[in-house]
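A.B. asks: The structure that follows is given in the form of structure tokens.
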Amino acid sequence: MTDTNDERRPAGELEAAVMAALWAAGAPLTPGRVQQELASDLARTTVTTILSRLHEKGVVDREQQGRGYAYYPVHDAAGLTARRMHGELDRDADRETVLARFVAQLSPDDEEVLRRLLEGEQA
């Protein structure tokens with residue numbers, strides 16, 4: 001059974017919900033358990049598809065559990081965001097321009113944090 005509203009939600013929104021459930025759990029979850037944690041009427045097959053896609057992207061890993069798999073995040077939320085930022089940077093051949101424009105759009109507070117990090121101070 002699938003909910004047409006869930007099917008129309010953007011894939012990124014569903015992936016974010018699944019990742020939030022995995023991070024909150026702190027332990028590997030089966031697709032059925034993720035489905036329960038989401039407290040929505042998403043079909044288990046939909047959850048399994050989302051987890052499989054996240055696994056293919058290298059965002060989650062999995063371990064054998066019974067006849068299926070239990071999934072867990074490879075990175076915490078900040079690590080995943082950093083990975084996505086690197087991915088965007090890697091898409092453009094002109095890295096210097098991309099970085100220059102990124103830095104130019106930082107708030108003064110973020111600019112100060114970046115400056116401290118580049119100077120070797122830990123956040």
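By convention in this document, the chains of the structure tokens carry letters A, B, ... by their order, each chain's residues are numbered from 1, and ligands are numbered from 1 in the order they are shown.
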Given only C-alpha atoms, how would the per-residue table for stretch 25-61 of chain A near stretch 67-88 of chain A read, listing every residue at most 10 Å away with its closest atom pair and distance in Å to one decimal, sorted by chain and number, as a Markdown table?
C.D. replies:
| residue | atom | partner | partner_atom | distance |
| --- | --- | --- | --- | --- |
| A:Ala25 | CA | A:Tyr72 | CA | 8.9 |
| A:Gly26 | CA | A:Tyr72 | CA | 8.0 |
| A:Ala27 | CA | A:Tyr72 | CA | 6.6 |
| A:Pro28 | CA | A:Tyr72 | CA | 4.6 |
| A:Leu29 | CA | A:Ala70 | CA | 4.6 |
| A:Thr30 | CA | A:Ala70 | CA | 4.1 |
| A:Pro31 | CA | A:Ala70 | CA | 7.1 |
| A:Gly32 | CA | A:Ala70 | CA | 9.4 |
| A:Arg33 | CA | A:Ala70 | CA | 9.0 |
| A:Val34 | CA | A:Tyr71 | CA | 9.1 |
| A:Thr48 | CA | A:Tyr69 | CA | 9.5 |
| A:Leu51 | CA | A:Tyr71 | CA | 7.3 |
| A:Ser52 | CA | A:Tyr71 | CA | 9.2 |
| A:Leu54 | CA | A:Pro73 | CA | 9.1 |
| A:His55 | CA | A:Tyr71 | CA | 8.3 |
| A:Gly58 | CA | A:Val74 | CA | 7.5 |
| A:Val59 | CA | A:Val74 | CA | 5.6 |
| A:Val60 | CA | A:Pro73 | CA | 4.3 |
| A:Asp61 | CA | A:Tyr72 | CA | 5.6 |
A.B. asks: Would you save the residues from that selection as a short mmCIF file (atom, residue, chain, number, x, y, z; two decimals), in the first residue's frame, using all heavy atoms?
C.D. replies:
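Output contents, as saved in selection_6.cif:
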data_model
loop_
_atom_site.label_atom_id
_atom_site.label_comp_id
_atom_site.auth_asym_id
_atom_site.auth_seq_id
_atom_site.Cartn_x
_atom_site.Cartn_y
_atom_site.Cartn_z
N ALA A 25 18.33 6.90 15.77
CA ALA A 25 18.37 5.53 16.31
C ALA A 25 19.70 5.21 16.96
O ALA A 25 19.76 4.53 17.98
CB ALA A 25 18.06 4.53 15.21
N GLY A 26 20.78 5.66 16.35
CA GLY A 26 22.10 5.36 16.89
C GLY A 26 22.51 3.90 16.76
O GLY A 26 23.48 3.47 17.36
N ALA A 27 21.75 3.13 15.99
CA ALA A 27 22.04 1.72 15.76
C ALA A 27 21.47 1.36 14.39
O ALA A 27 20.55 2.02 13.90
CB ALA A 27 21.42 0.86 16.84
N PRO A 28 22.00 0.32 13.75
CA PRO A 28 21.48 -0.07 12.44
C PRO A 28 19.98 -0.42 12.52
O PRO A 28 19.52 -1.02 13.49
CB PRO A 28 22.30 -1.32 12.09
CG PRO A 28 23.57 -1.16 12.86
CD PRO A 28 23.16 -0.50 14.15
N LEU A 29 19.25 0.01 11.49
CA LEU A 29 17.82 -0.26 11.42
C LEU A 29 17.46 -0.99 10.14
O LEU A 29 18.01 -0.68 9.07
CB LEU A 29 17.02 1.05 11.45
CG LEU A 29 17.11 1.93 12.69
CD1 LEU A 29 16.27 3.19 12.50
CD2 LEU A 29 16.65 1.17 13.92
N THR A 30 16.53 -1.91 10.24
CA THR A 30 15.99 -2.58 9.06
C THR A 30 15.01 -1.62 8.37
O THR A 30 14.52 -0.67 9.00
CB THR A 30 15.24 -3.86 9.44
OG1 THR A 30 14.12 -3.50 10.26
CG2 THR A 30 16.14 -4.85 10.17
N PRO A 31 14.69 -1.86 7.11
CA PRO A 31 13.69 -1.02 6.45
C PRO A 31 12.36 -0.98 7.20
O PRO A 31 11.74 0.09 7.31
CB PRO A 31 13.54 -1.67 5.07
CG PRO A 31 14.87 -2.29 4.82
CD PRO A 31 15.31 -2.80 6.17
N GLY A 32 11.94 -2.11 7.75
CA GLY A 32 10.69 -2.13 8.51
C GLY A 32 10.75 -1.25 9.74
O GLY A 32 9.79 -0.55 10.07
N ARG A 33 11.89 -1.26 10.41
CA ARG A 33 12.05 -0.42 11.60
C ARG A 33 12.12 1.06 11.22
O ARG A 33 11.57 1.91 11.91
CB ARG A 33 13.32 -0.84 12.35
CG ARG A 33 13.50 -0.14 13.65
CD ARG A 33 12.48 -0.59 14.69
NE ARG A 33 12.78 0.15 15.90
CZ ARG A 33 11.86 0.66 16.69
NH1 ARG A 33 10.60 0.47 16.45
NH2 ARG A 33 12.22 1.32 17.76
N VAL A 34 12.79 1.38 10.10
CA VAL A 34 12.82 2.76 9.63
C VAL A 34 11.39 3.21 9.33
O VAL A 34 10.99 4.32 9.70
CB VAL A 34 13.72 2.92 8.38
CG1 VAL A 34 13.57 4.31 7.76
CG2 VAL A 34 15.18 2.65 8.72
N THR A 48 12.69 0.72 1.58
CA THR A 48 13.79 -0.12 1.13
C THR A 48 14.47 0.50 -0.09
O THR A 48 15.70 0.52 -0.18
CB THR A 48 13.30 -1.54 0.80
OG1 THR A 48 12.70 -2.11 1.97
CG2 THR A 48 14.42 -2.44 0.31
N LEU A 51 16.58 3.45 1.08
CA LEU A 51 17.80 2.97 1.74
C LEU A 51 18.80 2.42 0.73
O LEU A 51 20.00 2.65 0.84
CB LEU A 51 17.45 1.91 2.79
CG LEU A 51 16.79 2.46 4.05
CD1 LEU A 51 16.14 1.34 4.84
CD2 LEU A 51 17.79 3.22 4.90
N SER A 52 18.31 1.71 -0.27
CA SER A 52 19.19 1.17 -1.32
C SER A 52 19.87 2.29 -2.09
O SER A 52 21.07 2.22 -2.39
CB SER A 52 18.40 0.27 -2.28
OG SER A 52 17.93 -0.86 -1.61
N LEU A 54 20.45 5.35 -0.97
CA LEU A 54 21.42 5.97 -0.06
C LEU A 54 22.68 5.11 0.05
O LEU A 54 23.79 5.64 0.13
CB LEU A 54 20.79 6.20 1.32
CG LEU A 54 19.72 7.29 1.38
CD1 LEU A 54 18.98 7.23 2.72
CD2 LEU A 54 20.32 8.66 1.14
N HIS A 55 22.50 3.80 0.03
CA HIS A 55 23.65 2.89 0.07
C HIS A 55 24.49 3.04 -1.20
O HIS A 55 25.72 3.10 -1.14
CB HIS A 55 23.18 1.44 0.26
CG HIS A 55 24.29 0.48 0.36
ND1 HIS A 55 24.66 -0.35 -0.67
CD2 HIS A 55 25.15 0.20 1.38
CE1 HIS A 55 25.68 -1.09 -0.30
NE2 HIS A 55 26.00 -0.77 0.94
N GLY A 58 26.70 5.89 -1.10
CA GLY A 58 27.73 5.83 -0.07
C GLY A 58 27.38 6.62 1.18
O GLY A 58 28.26 6.89 2.00
N VAL A 59 26.12 6.97 1.34
CA VAL A 59 25.68 7.76 2.49
C VAL A 59 25.38 6.87 3.70
O VAL A 59 25.56 7.27 4.83
CB VAL A 59 24.44 8.61 2.11
CG1 VAL A 59 23.87 9.36 3.29
CG2 VAL A 59 24.80 9.56 0.98
N VAL A 60 24.90 5.65 3.42
CA VAL A 60 24.67 4.68 4.49
C VAL A 60 25.42 3.40 4.14
O VAL A 60 25.75 3.15 2.99
CB VAL A 60 23.16 4.37 4.69
CG1 VAL A 60 22.38 5.61 5.08
CG2 VAL A 60 22.54 3.69 3.49
N ASP A 61 25.68 2.62 5.16
CA ASP A 61 26.24 1.30 4.96
C ASP A 61 25.24 0.31 5.52
O ASP A 61 24.24 0.71 6.14
CB ASP A 61 27.60 1.16 5.65
CG ASP A 61 28.48 0.13 4.97
OD1 ASP A 61 27.98 -0.64 4.11
OD2 ASP A 61 29.68 0.08 5.29
#
A.B. asks: As number ranges by chain, list the residues of chain A assigned to strand (DSSP E or B) by DSSP on the backbone atoms of this structure.
C.D. replies: A: 29, 60-65, 68-73
A.B. asks: Rounded to one decimal place, report the atom CA of A:Val47-atom CA of A:Gln35 distance in Å.
C.D. replies: 6.4 Å
A.B. asks: Please report the interatomic distance between atom CA of A:Glu96 and atom CA of A:Arg116 in Å with one decimal.
C.D. replies: 20.0 Å
A.B. asks: If DSSP is run on the backbone, what residues of chain A are helix (DSSP H, G or I)? A reply as an MDAnalysis selection string would be ideal.
C.D. replies: chainID A and resid 4:8 11:25 31:38 44:56 77:90 95:104 108:118
A.B. asks: Separation of atom CA of A:Leu106 and atom CA of A:Ala17, in Å?
C.D. replies: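 Atom CA of A:Ala17 lies 27.6 Å from atom CA of A:Leu106.
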A.B. asks: When you look at A:Leu99 with a cut-off of 8 Å (counting only C-alpha atoms), what residues show up, excluding the ones that are within fewer than 4 positions of it in the same chain? I need them as a list in words.
C.D. replies: Leu89, Arg95 and Val103 of chain A
